[in-house]
$ cat input20.pdb   # PDB, C-alpha atoms
ATOM      1  CA  MET D   1     230.239   0.714  93.947
ATOM      2  CA  THR D   2     232.471  -0.289  96.843
ATOM      3  CA  SER D   3     231.470   0.871 100.292
ATOM      4  CA  LEU D   4     233.910   2.745 102.454
ATOM      5  CA  TYR D   5     232.704   0.751 105.430
ATOM      6  CA  ASP D   6     233.347  -2.724 106.721
ATOM      7  CA  ALA D   7     230.912  -5.018 104.930
ATOM      8  CA  ASN D   8     229.881  -6.516 108.269
ATOM      9  CA  GLN D   9     228.423  -3.142 109.239
ATOM     10  CA  ARG D  10     226.599  -2.604 105.941
ATOM     11  CA  LEU D  11     222.878  -3.165 105.466
ATOM     12  CA  VAL D  12     221.773  -2.906 101.860
ATOM     13  CA  ILE D  13     218.334  -1.268 101.580
ATOM     14  CA  SER D  14     216.340  -1.462  98.357
ATOM     15  CA  LEU D  15     213.960   1.532  98.216
ATOM     16  CA  GLY D  16     210.950  -0.230  96.716
ATOM     17  CA  ASP D  17     208.397   1.306  94.374
ATOM     18  CA  PRO D  18     209.242   5.018  93.987
ATOM     19  CA  ALA D  19     205.547   5.888  93.712
ATOM     20  CA  GLY D  20     204.911   4.435  97.160
ATOM     21  CA  ILE D  21     205.960   5.158 100.732
ATOM     22  CA  GLY D  22     209.239   3.232 100.623
ATOM     23  CA  MET D  23     211.579   6.213 100.520
ATOM     24  CA  GLU D  24     209.553   8.023 103.172
ATOM     25  CA  VAL D  25     209.619   5.187 105.697
ATOM     26  CA  VAL D  26     213.311   4.485 105.026
ATOM     27  CA  LEU D  27     214.312   8.107 105.673
ATOM     28  CA  LYS D  28     212.121   8.275 108.778
ATOM     29  CA  ALA D  29     213.425   4.928 110.038
ATOM     30  CA  LEU D  30     217.076   5.849 109.552
ATOM     31  CA  ALA D  31     216.553   8.868 111.800
ATOM     32  CA  SER D  32     215.453   6.617 114.673
ATOM     33  CA  PRO D  33     217.725   6.596 117.735
ATOM     34  CA  ASP D  34     216.835   2.925 118.246
ATOM     35  CA  LEU D  35     218.999   1.706 115.367
ATOM     36  CA  PRO D  36     222.569   0.472 115.999
ATOM     37  CA  ALA D  37     225.086   3.297 115.929
ATOM     38  CA  THR D  38     227.625   1.176 114.045
ATOM     39  CA  MET D  39     225.215   0.281 111.243
ATOM     40  CA  ARG D  40     226.093   1.644 107.810
ATOM     41  CA  PRO D  41     223.108   1.578 105.440
ATOM     42  CA  LEU D  42     223.615   1.491 101.690
ATOM     43  CA  LEU D  43     220.475   2.686  99.904
ATOM     44  CA  VAL D  44     219.785   1.430  96.380
ATOM     45  CA  GLY D  45     217.546   3.681  94.293
ATOM     46  CA  CYS D  46     217.304   7.090  92.691
ATOM     47  CA  ARG D  47     219.181   9.778  94.617
ATOM     48  CA  ARG D  48     217.170  12.604  93.016
ATOM     49  CA  CYS D  49     213.924  10.941  94.120
ATOM     50  CA  LEU D  50     215.356  10.431  97.585
ATOM     51  CA  ASN D  51     216.405  14.093  97.838
ATOM     52  CA  ALA D  52     212.981  15.196  96.587
ATOM     53  CA  THR D  53     211.298  13.009  99.216
ATOM     54  CA  TYR D  54     213.466  14.488 101.942
ATOM     55  CA  THR D  55     212.780  18.072 100.868
ATOM     56  CA  HIS D  56     209.045  17.396 100.660
ATOM     57  CA  LEU D  57     208.919  15.775 104.084
ATOM     58  CA  LYS D  58     210.784  18.694 105.661
ATOM     59  CA  SER D  59     208.364  21.137 104.028
ATOM     60  CA  GLN D  60     205.506  19.194 105.634
ATOM     61  CA  GLY D  61     207.003  19.666 109.082
ATOM     62  CA  CYS D  62     208.536  16.205 109.459
ATOM     63  CA  THR D  63     211.543  16.737 111.704
ATOM     64  CA  THR D  64     212.729  13.173 112.328
ATOM     65  CA  VAL D  65     214.055  12.421 108.866
ATOM     66  CA  ALA D  66     217.519  11.292 107.785
ATOM     67  CA  ASP D  67     219.370  13.611 105.391
ATOM     68  CA  PRO D  68     220.213  11.737 102.145
ATOM     69  CA  ASP D  69     223.386  13.804 101.806
ATOM     70  CA  ARG D  70     224.684  11.993 104.881
ATOM     71  CA  LEU D  71     223.808   8.551 103.530
ATOM     72  CA  GLU D  72     225.568   6.228 101.117
ATOM     73  CA  VAL D  73     223.412   5.769  98.014
ATOM     74  CA  LEU D  74     223.981   3.461  95.069
ATOM     75  CA  ASP D  75     222.345   5.758  92.545
ATOM     76  CA  GLN D  76     219.919   4.232  90.054
ATOM     77  CA  PRO D  77     218.664   7.384  88.295
ATOM     78  CA  LEU D  78     215.101   7.786  87.074
ATOM     79  CA  ASN D  79     214.244  10.074  84.183
ATOM     80  CA  PRO D  80     211.716  11.519  84.577
ATOM     81  CA  LEU D  81     211.180  11.505  88.323
ATOM     82  CA  ILE D  82     208.128   9.660  89.609
ATOM     83  CA  THR D  83     205.527  11.516  91.649
ATOM     84  CA  PRO D  84     204.513   9.728  94.862
ATOM     85  CA  GLY D  85     201.022   8.315  94.587
ATOM     86  CA  THR D  86     201.170   7.850  90.799
ATOM     87  CA  PRO D  87     202.128   4.198  90.322
ATOM     88  CA  SER D  88     202.773   2.815  86.853
ATOM     89  CA  ALA D  89     204.651   0.146  84.956
ATOM     90  CA  PHE D  90     207.580   2.580  85.009
ATOM     91  CA  SER D  91     207.648   2.661  88.811
ATOM     92  CA  GLY D  92     207.275  -1.131  88.885
ATOM     93  CA  ALA D  93     210.246  -1.510  86.540
ATOM     94  CA  ALA D  94     212.307   0.775  88.771
ATOM     95  CA  SER D  95     211.568  -1.254  91.899
ATOM     96  CA  PHE D  96     212.479  -4.462  90.052
ATOM     97  CA  GLN D  97     215.770  -2.971  88.895
ATOM     98  CA  TRP D  98     216.614  -1.660  92.357
ATOM     99  CA  LEU D  99     216.001  -5.034  93.988
ATOM    100  CA  THR D 100     218.127  -6.770  91.381
ATOM    101  CA  GLU D 101     220.952  -4.254  91.827
ATOM    102  CA  SER D 102     220.726  -4.586  95.614
ATOM    103  CA  VAL D 103     221.368  -8.323  95.424
ATOM    104  CA  ARG D 104     224.208  -7.803  92.952
ATOM    105  CA  CYS D 105     225.796  -5.294  95.311
ATOM    106  CA  LEU D 106     225.337  -7.593  98.291
ATOM    107  CA  THR D 107     226.850 -10.614  96.576
ATOM    108  CA  ASP D 108     229.671  -8.755  94.807
ATOM    109  CA  SER D 109     230.733  -6.275  97.484
ATOM    110  CA  GLY D 110     229.486  -7.937 100.646
ATOM    111  CA  GLY D 111     227.100  -6.833 103.324
ATOM    112  CA  ARG D 112     225.394  -8.012 106.439
ATOM    113  CA  ALA D 113     221.830  -8.358 105.174
ATOM    114  CA  LEU D 114     219.223  -7.005 102.769
ATOM    115  CA  VAL D 115     216.211  -4.882 103.708
ATOM    116  CA  THR D 116     213.567  -4.280 101.058
ATOM    117  CA  ALA D 117     210.939  -1.553 100.952
ATOM    118  CA  PRO D 118     207.534  -2.552  99.526
ATOM    119  CA  ILE D 119     206.848  -3.180  95.843
ATOM    120  CA  ALA D 120     203.595  -3.711  93.926
ATOM    121  CA  LYS D 121     203.419  -7.144  92.318
ATOM    122  CA  HIS D 122     200.885  -6.063  89.682
ATOM    123  CA  LEU D 123     203.249  -3.285  88.542
ATOM    124  CA  TRP D 124     206.079  -5.784  88.212
ATOM    125  CA  HIS D 125     203.744  -7.745  85.955
ATOM    126  CA  ALA D 126     202.855  -4.577  84.022
ATOM    127  CA  ALA D 127     206.572  -4.020  83.493
ATOM    128  CA  GLY D 128     207.003  -7.539  82.138
ATOM    129  CA  HIS D 129     208.359  -9.205  85.288
ATOM    130  CA  SER D 130     205.986 -12.062  86.148
ATOM    131  CA  TYR D 131     207.025 -12.982  89.671
ATOM    132  CA  PRO D 132     204.615 -13.647  92.548
ATOM    133  CA  GLY D 133     206.672 -11.325  94.760
ATOM    134  CA  GLN D 134     210.104 -10.262  95.941
ATOM    135  CA  THR D 135     210.722 -13.569  97.728
ATOM    136  CA  GLU D 136     210.623 -15.551  94.502
ATOM    137  CA  ARG D 137     212.841 -13.070  92.642
ATOM    138  CA  LEU D 138     215.366 -13.156  95.474
ATOM    139  CA  ALA D 139     215.513 -16.950  95.322
ATOM    140  CA  GLU D 140     216.179 -16.755  91.587
ATOM    141  CA  LEU D 141     218.897 -14.134  91.992
ATOM    142  CA  ALA D 142     220.528 -16.237  94.710
ATOM    143  CA  HIS D 143     220.295 -19.376  92.526
ATOM    144  CA  GLN D 144     218.182 -21.143  95.136
ATOM    145  CA  THR D 145     215.391 -23.548  94.293
ATOM    146  CA  ARG D 146     213.757 -22.964  97.676
ATOM    147  CA  SER D 147     213.122 -20.085 100.007
ATOM    148  CA  SER D 148     210.915 -19.629 103.049
ATOM    149  CA  MET D 149     208.784 -16.715 104.190
ATOM    150  CA  LEU D 150     208.679 -16.188 107.946
ATOM    151  CA  PHE D 151     207.138 -13.342 109.920
ATOM    152  CA  THR D 152     208.711 -12.443 113.222
ATOM    153  CA  ALA D 153     207.770  -9.776 115.747
ATOM    154  CA  VAL D 154     208.667  -8.871 119.318
ATOM    155  CA  SER D 155     205.826  -7.717 121.555
ATOM    156  CA  PRO D 156     206.395  -4.168 122.841
ATOM    157  CA  GLN D 157     204.261  -5.097 125.848
ATOM    158  CA  THR D 158     205.973  -8.289 126.994
ATOM    159  CA  GLY D 159     209.094  -8.841 124.878
ATOM    160  CA  TRP D 160     207.748 -12.214 123.686
ATOM    161  CA  ARG D 161     208.638 -13.147 120.102
ATOM    162  CA  LEU D 162     206.007 -14.323 117.625
ATOM    163  CA  ASN D 163     207.292 -16.453 114.729
ATOM    164  CA  THR D 164     205.012 -17.644 111.919
ATOM    165  CA  LEU D 165     206.320 -19.454 108.852
ATOM    166  CA  LEU D 166     204.217 -19.989 105.725
ATOM    167  CA  ALA D 167     204.257 -23.416 104.067
ATOM    168  CA  THR D 168     202.929 -21.907 100.818
ATOM    169  CA  THR D 169     203.134 -18.259  99.844
ATOM    170  CA  HIS D 170     201.872 -16.346  96.820
ATOM    171  CA  ILE D 171     199.535 -18.836  95.200
ATOM    172  CA  SER D 172     195.757 -18.850  94.872
ATOM    173  CA  LEU D 173     193.685 -20.605  97.497
ATOM    174  CA  LYS D 174     192.532 -23.277  95.044
ATOM    175  CA  GLU D 175     196.177 -24.250  94.413
ATOM    176  CA  VAL D 176     197.035 -24.740  98.090
ATOM    177  CA  PRO D 177     195.878 -28.367  98.622
ATOM    178  CA  ALA D 178     197.874 -29.603  95.626
ATOM    179  CA  ALA D 179     200.953 -27.592  96.605
ATOM    180  CA  LEU D 180     200.970 -28.983 100.136
ATOM    181  CA  THR D 181     202.836 -32.264 100.276
ATOM    182  CA  PRO D 182     204.314 -34.251 103.157
ATOM    183  CA  GLU D 183     207.792 -33.429 101.837
ATOM    184  CA  LEU D 184     207.054 -29.701 101.756
ATOM    185  CA  VAL D 185     205.561 -29.560 105.243
ATOM    186  CA  GLU D 186     208.417 -31.600 106.693
ATOM    187  CA  HIS D 187     210.943 -29.265 105.071
ATOM    188  CA  LYS D 188     209.169 -26.149 106.353
ATOM    189  CA  LEU D 189     209.000 -27.621 109.856
ATOM    190  CA  ASN D 190     212.761 -28.117 109.786
ATOM    191  CA  VAL D 191     213.296 -24.537 108.607
ATOM    192  CA  LEU D 192     211.032 -23.254 111.387
ATOM    193  CA  LEU D 193     212.818 -25.357 113.983
ATOM    194  CA  ASN D 194     216.236 -24.076 112.919
ATOM    195  CA  PHE D 195     215.042 -20.479 113.084
ATOM    196  CA  CYS D 196     213.401 -20.861 116.490
ATOM    197  CA  ARG D 197     216.548 -22.459 117.900
ATOM    198  CA  ARG D 198     218.109 -19.007 117.647
ATOM    199  CA  PHE D 199     216.013 -18.124 120.693
ATOM    200  CA  SER D 200     215.390 -21.443 122.476
ATOM    201  CA  SER D 201     217.326 -24.708 122.482
ATOM    202  CA  LYS D 202     214.087 -26.684 122.716
ATOM    203  CA  PRO D 203     211.424 -24.592 121.034
ATOM    204  CA  ARG D 204     207.757 -25.487 121.045
ATOM    205  CA  LEU D 205     206.182 -25.631 117.604
ATOM    206  CA  THR D 206     202.574 -25.670 116.399
ATOM    207  CA  VAL D 207     201.114 -26.580 113.012
ATOM    208  CA  ALA D 208     197.769 -25.240 111.847
ATOM    209  CA  GLY D 209     195.326 -27.535 110.120
ATOM    210  CA  LEU D 210     194.225 -26.938 106.554
ATOM    211  CA  ASN D 211     190.491 -27.377 106.970
ATOM    212  CA  PRO D 212     187.961 -25.923 109.429
ATOM    213  CA  HIS D 213     188.274 -27.685 112.797
ATOM    214  CA  ALA D 214     191.417 -29.333 111.365
ATOM    215  CA  GLY D 215     189.169 -31.582 109.300
ATOM    216  CA  GLU D 216     186.945 -32.788 112.158
ATOM    217  CA  GLU D 217     188.337 -36.335 111.870
ATOM    218  CA  GLY D 218     187.792 -36.401 108.118
ATOM    219  CA  LYS D 219     184.277 -34.966 108.157
ATOM    220  CA  ILE D 220     185.320 -31.510 106.807
ATOM    221  CA  GLY D 221     188.268 -32.438 104.657
ATOM    222  CA  GLU D 222     190.623 -35.388 104.564
ATOM    223  CA  GLU D 223     194.123 -33.884 104.327
ATOM    224  CA  GLU D 224     194.682 -34.003 108.079
ATOM    225  CA  THR D 225     193.740 -37.660 108.520
ATOM    226  CA  GLU D 226     195.237 -38.886 105.246
ATOM    227  CA  TRP D 227     198.756 -37.456 105.552
ATOM    228  CA  LEU D 228     199.231 -34.393 107.773
ATOM    229  CA  SER D 229     198.661 -36.029 111.171
ATOM    230  CA  PRO D 230     200.751 -39.106 110.269
ATOM    231  CA  LEU D 231     203.555 -36.845 109.055
ATOM    232  CA  LEU D 232     203.554 -34.860 112.298
ATOM    233  CA  ARG D 233     203.660 -38.048 114.356
ATOM    234  CA  LYS D 234     206.650 -39.209 112.323
ATOM    235  CA  TRP D 235     208.377 -35.829 112.733
ATOM    236  CA  LYS D 236     207.808 -35.853 116.494
ATOM    237  CA  ALA D 237     209.309 -39.323 116.757
ATOM    238  CA  ALA D 238     212.420 -38.043 114.983
ATOM    239  CA  HIS D 239     212.619 -35.000 117.286
ATOM    240  CA  PRO D 240     211.735 -36.317 120.756
ATOM    241  CA  ASP D 241     213.116 -33.245 122.523
ATOM    242  CA  ILE D 242     210.805 -30.870 120.633
ATOM    243  CA  ARG D 243     207.170 -30.341 121.568
ATOM    244  CA  LEU D 244     205.042 -30.260 118.440
ATOM    245  CA  ASP D 245     201.304 -29.608 118.566
ATOM    246  CA  GLY D 246     198.959 -30.022 115.656
ATOM    247  CA  PRO D 247     197.333 -30.016 113.339
ATOM    248  CA  LEU D 248     195.285 -27.559 115.378
ATOM    249  CA  PRO D 249     192.036 -25.927 114.264
ATOM    250  CA  PRO D 250     193.175 -22.780 112.436
ATOM    251  CA  ASP D 251     190.639 -20.568 114.231
ATOM    252  CA  THR D 252     192.222 -21.280 117.623
ATOM    253  CA  CYS D 253     195.830 -21.926 116.594
ATOM    254  CA  TRP D 254     197.064 -18.424 117.479
ATOM    255  CA  ILE D 255     195.146 -17.914 120.747
ATOM    256  CA  GLN D 256     198.076 -18.801 123.013
ATOM    257  CA  ALA D 257     200.327 -16.592 120.913
ATOM    258  CA  ALA D 258     197.897 -13.693 121.335
ATOM    259  CA  GLN D 259     197.854 -14.243 125.089
ATOM    260  CA  ALA D 260     201.654 -14.303 125.259
ATOM    261  CA  TRP D 261     201.812 -11.161 123.119
ATOM    262  CA  ASN D 262     199.814  -9.291 125.749
ATOM    263  CA  HIS D 263     200.601 -11.032 129.056
ATOM    264  CA  HIS D 264     203.917 -12.071 130.618
ATOM    265  CA  SER D 265     202.281 -14.933 132.515
ATOM    266  CA  CYS D 266     201.350 -16.738 129.282
ATOM    267  CA  HIS D 267     204.820 -17.069 127.760
ATOM    268  CA  GLU D 268     205.550 -20.640 128.825
ATOM    269  CA  LYS D 269     202.386 -22.036 127.233
ATOM    270  CA  ALA D 270     202.797 -20.260 123.891
ATOM    271  CA  PRO D 271     204.538 -21.783 120.871
ATOM    272  CA  ASN D 272     207.892 -20.403 119.800
ATOM    273  CA  GLY D 273     206.970 -21.030 116.174
ATOM    274  CA  ILE D 274     203.783 -21.635 114.213
ATOM    275  CA  LEU D 275     203.581 -23.188 110.760
ATOM    276  CA  ALA D 276     200.697 -21.822 108.698
ATOM    277  CA  LEU D 277     199.741 -23.783 105.620
ATOM    278  CA  TYR D 278     198.815 -20.870 103.382
ATOM    279  CA  HIS D 279     199.337 -17.141 103.103
ATOM    280  CA  ASP D 280     196.272 -15.553 104.690
ATOM    281  CA  GLN D 281     195.954 -18.256 107.335
ATOM    282  CA  GLY D 282     199.235 -17.008 108.795
ATOM    283  CA  LEU D 283     199.144 -13.346 107.865
ATOM    284  CA  ILE D 284     195.720 -12.446 109.260
ATOM    285  CA  PRO D 285     196.630 -13.259 112.893
ATOM    286  CA  VAL D 286     200.147 -11.853 112.502
ATOM    287  CA  LYS D 287     198.877  -8.523 111.215
ATOM    288  CA  LEU D 288     196.084  -8.345 113.801
ATOM    289  CA  LEU D 289     198.589  -8.837 116.603
ATOM    290  CA  ALA D 290     201.677  -7.097 115.283
ATOM    291  CA  PHE D 291     201.030  -4.945 112.231
ATOM    292  CA  ASP D 292     203.606  -2.280 113.126
ATOM    293  CA  ALA D 293     206.104  -4.720 114.639
ATOM    294  CA  ALA D 294     206.050  -7.710 112.279
ATOM    295  CA  VAL D 295     208.924  -8.265 109.886
ATOM    296  CA  ASN D 296     208.825 -10.365 106.722
ATOM    297  CA  THR D 297     211.980 -12.492 106.791
ATOM    298  CA  THR D 298     213.240 -14.571 103.875
ATOM    299  CA  LEU D 299     215.142 -17.694 104.915
ATOM    300  CA  GLU D 300     217.184 -20.259 102.945
ATOM    301  CA  LEU D 301     219.077 -17.610 100.961
ATOM    302  CA  PRO D 302     222.855 -17.025 101.146
ATOM    303  CA  PHE D 303     221.973 -13.746 102.872
ATOM    304  CA  LEU D 304     219.256 -12.661 105.292
ATOM    305  CA  ARG D 305     216.468 -10.491 103.925
ATOM    306  CA  THR D 306     213.822  -8.594 105.863
ATOM    307  CA  SER D 307     210.991  -6.320 104.833
ATOM    308  CA  PRO D 308     208.303  -4.311 106.630
ATOM    309  CA  ASP D 309     204.952  -6.011 106.972
ATOM    310  CA  HIS D 310     202.972  -3.533 104.881
ATOM    311  CA  GLY D 311     202.476  -2.555 101.274
ATOM    312  CA  THR D 312     203.342   0.389  99.061
ATOM    313  CA  GLY D 313     200.745   2.751 100.537
ATOM    314  CA  PHE D 314     200.067   4.481  97.213
ATOM    315  CA  ASP D 315     196.978   6.136  98.718
ATOM    316  CA  ILE D 316     199.031   8.046 101.306
ATOM    317  CA  ALA D 317     202.311   8.428  99.407
ATOM    318  CA  GLY D 318     203.666  11.975  99.411
ATOM    319  CA  GLN D 319     201.497  13.073 102.330
ATOM    320  CA  GLY D 320     204.011  12.507 105.126
ATOM    321  CA  LEU D 321     201.586  10.162 106.909
ATOM    322  CA  ALA D 322     203.457   6.864 106.614
ATOM    323  CA  ARG D 323     204.600   5.395 109.916
ATOM    324  CA  PRO D 324     208.157   4.013 109.980
ATOM    325  CA  ASP D 325     207.607   1.512 112.819
ATOM    326  CA  SER D 326     207.625  -1.612 110.654
ATOM    327  CA  MET D 327     210.642  -0.415 108.653
ATOM    328  CA  ILE D 328     212.496   0.275 111.906
ATOM    329  CA  ALA D 329     211.607  -3.254 113.031
ATOM    330  CA  ALA D 330     212.779  -4.668 109.681
ATOM    331  CA  ILE D 331     216.133  -2.900 109.953
ATOM    332  CA  GLN D 332     216.571  -3.962 113.572
ATOM    333  CA  ALA D 333     215.694  -7.566 112.709
ATOM    334  CA  ALA D 334     218.103  -7.609 109.772
ATOM    335  CA  TRP D 335     220.883  -6.422 112.054
ATOM    336  CA  GLU D 336     220.126  -8.738 114.965
ATOM    337  CA  LEU D 337     219.295 -11.899 113.011
ATOM    338  CA  SER D 338     222.389 -11.586 110.816
ATOM    339  CA  GLU D 339     224.733 -11.232 113.771
ATOM    340  CA  THR D 340     227.591 -13.682 113.529
TER     341      THR D 340
END
$ encode --input "input20.pdb" --output "structure tokens"
Amino acid sequence: MTSLYDANQRLVISLGDPAGIGMEVVLKALASPDLPATMRPLLVGCRRCLNATYTHLKSQGCTTVADPDRLEVLDQPLNPLITPGTPSAFSGAASFQWLTESVRCLTDSGGRALVTAPIAKHLWHAAGHSYPGQTERLAELAHQTRSSMLFTAVSPQTGWRLNTLLATTHISLKEVPAALTPELVEHKLNVLLNFCRRFSSKPRLTVAGLNPHAGEEGKIGEEETEWLSPLLRKWKAAHPDIRLDGPLPPDTCWIQAAQAWNHHSCHEKAPNGILALYHDQGLIPVKLLAFDAAVNTTLELPFLRTSPDHGTGFDIAGQGLARPDSMIAAIQAAWELSET
């Protein structure tokens, strides 16, 4: 399907698992007055499901909802329709298909960026698609051997931006030490630096340690002393204009970021970017600070991709309770970060 609009104004939005809150938060978000007036969203999913979601939300008294009849939809019909709150392999297969079609549309017809509503990884697996998450599928579709997962958020209190990049993503905790290599950490530091230079010519970066107390000089783990600290010293020597701190004890690594999130006076001391070494190490502080504002951003693809920082919400799907704040932030970030 070819859009009627200039591709530079188009954001492709994959609607996620149809049994979840994806359609609800997309329709609520697209009714927000905070989104760019020139933006032209292209929704990829089932139009009948989208219309049913809209009708249901209106019947529940939700007034700030975009009308699907006024939106461009790349229809991917479902038969039968899926009831919100009843996830299955069928709904997982639909979300997989919609993501795949979204990338095809973006690469074939053009577009500014991709925004993805939440999916359930276990339902992808139930449908026969064994991917750790959307990030890995996107890398495959884009024929990339690497991709990076970064979470960015702007504080509504102070306007300060929090950026956290994950060195490893959807792997078990026991696999993390083997997956972390000097080459990987160096690469992720370079990705983080390039992203943070969008906002500061000389950003300050911080790296979290792997072990409690960052290893306590080898007493609680040896990764820091054996290779991580030497690597960071080497990286700093190659980037003398960049301040790099770390490896810092993970339990205090985000304290300055938390202070900057809440207080204007703390901005200069806070890092512009933090490298977390594994998934929950980075995501716990990000979600504590910025659950409604954080945006999952996929880097190293031919296109920018963002996603809200929450899951499918199967337990509240169909009840009109889902908040669109993170989806609004994801759409705004996709627009702003893809600006040429």
$ atom_distance --input "input20.pdb" --atom1 "CA of Leu11 in chain D" --atom2 "CA of Ala290 in chain D"
23.7 Å
$ resolve_selection --input "input20.pdb" --expression "the PyMOL selection byres ((chain D and resi 72) around 12)" --output "NGL selection string"
:D and (1-5 or 10-13 or 30 or 39-47 or 50 or 66-71 or 73-75)
$ resolve_selection --input "input20.pdb" --expression "the PyMOL selection byres ((chain D and resi 269) around 10)" --output "list in words"
Arg204, Gln256, Ala257, Gln259, Ala260, Ser265, Cys266, His267, Glu268, Ala270, Pro271 and Asn272 of chain D
$ closest_atom_pairs --input "input20.pdb" --of "range 65-169 of chain D" --to "range 301-319 of chain D" --cutoff "6 Å" --atoms "only C-alpha atoms" --output "tab-separated table"
residue	atom	partner	partner_atom	distance
D:Pro84	CA	D:Gly318	CA	5.1
D:Gly85	CA	D:Phe314	CA	4.7
D:Ala113	CA	D:Leu304	CA	5.0
D:Leu114	CA	D:Arg305	CA	4.6
D:Val115	CA	D:Thr306	CA	4.9
D:Thr116	CA	D:Ser307	CA	5.0
D:Pro118	CA	D:Thr312	CA	5.1
D:Ile119	CA	D:Thr312	CA	5.9
$ atom_distance --input "input20.pdb" --atom1 "CA of Val65 in chain D" --atom2 "CA of Ala31 in chain D"
5.2 Å
$ residues_around --input "input20.pdb" --residues "Phe96 in chain D" --least-positions-apart "4" --cutoff "8 Å" --atoms "only C-alpha atoms" --output "CSV table (one decimal) with C-alpha atoms, keeping the file's coordinate frame"
chain,number,residue,atom,x,y,z
D,92,GLY,CA,207.3,-1.1,88.9
D,100,THR,CA,218.1,-6.8,91.4
D,124,TRP,CA,206.1,-5.8,88.2
D,129,HIS,CA,208.4,-9.2,85.3
$ atom_distance --input "input20.pdb" --atom1 "CA of Leu193 in chain D" --atom2 "CA of Asp325 in chain D"
27.4 Å
$ closest_residue --input "input20.pdb" --among "D:Pro324, D:Gly273, D:Gly221, D:Pro250" --to "Pro177 in chain D" --atoms "all atoms listed in the file"
D:Gly221
$ resolve_selection --input "input20.pdb" --expression "the PyMOL selection byres ((chain D and resi 158) around 12)" --output "VMD selection string"
chain D and resid 153 to 157 159 to 162 257 to 267
$ closest_residue --input "input20.pdb" --among "D:Leu283, D:Leu166, D:Leu189, D:Leu288" --to "Leu244 in chain D" --atoms "only C-alpha atoms"
D:Leu189
$ residues_around --input "input20.pdb" --residues "Leu78 in chain D" --least-positions-apart "5" --cutoff "8 Å" --atoms "all atoms listed in the file" --output "number ranges by chain"
D: 46, 48-49, 94
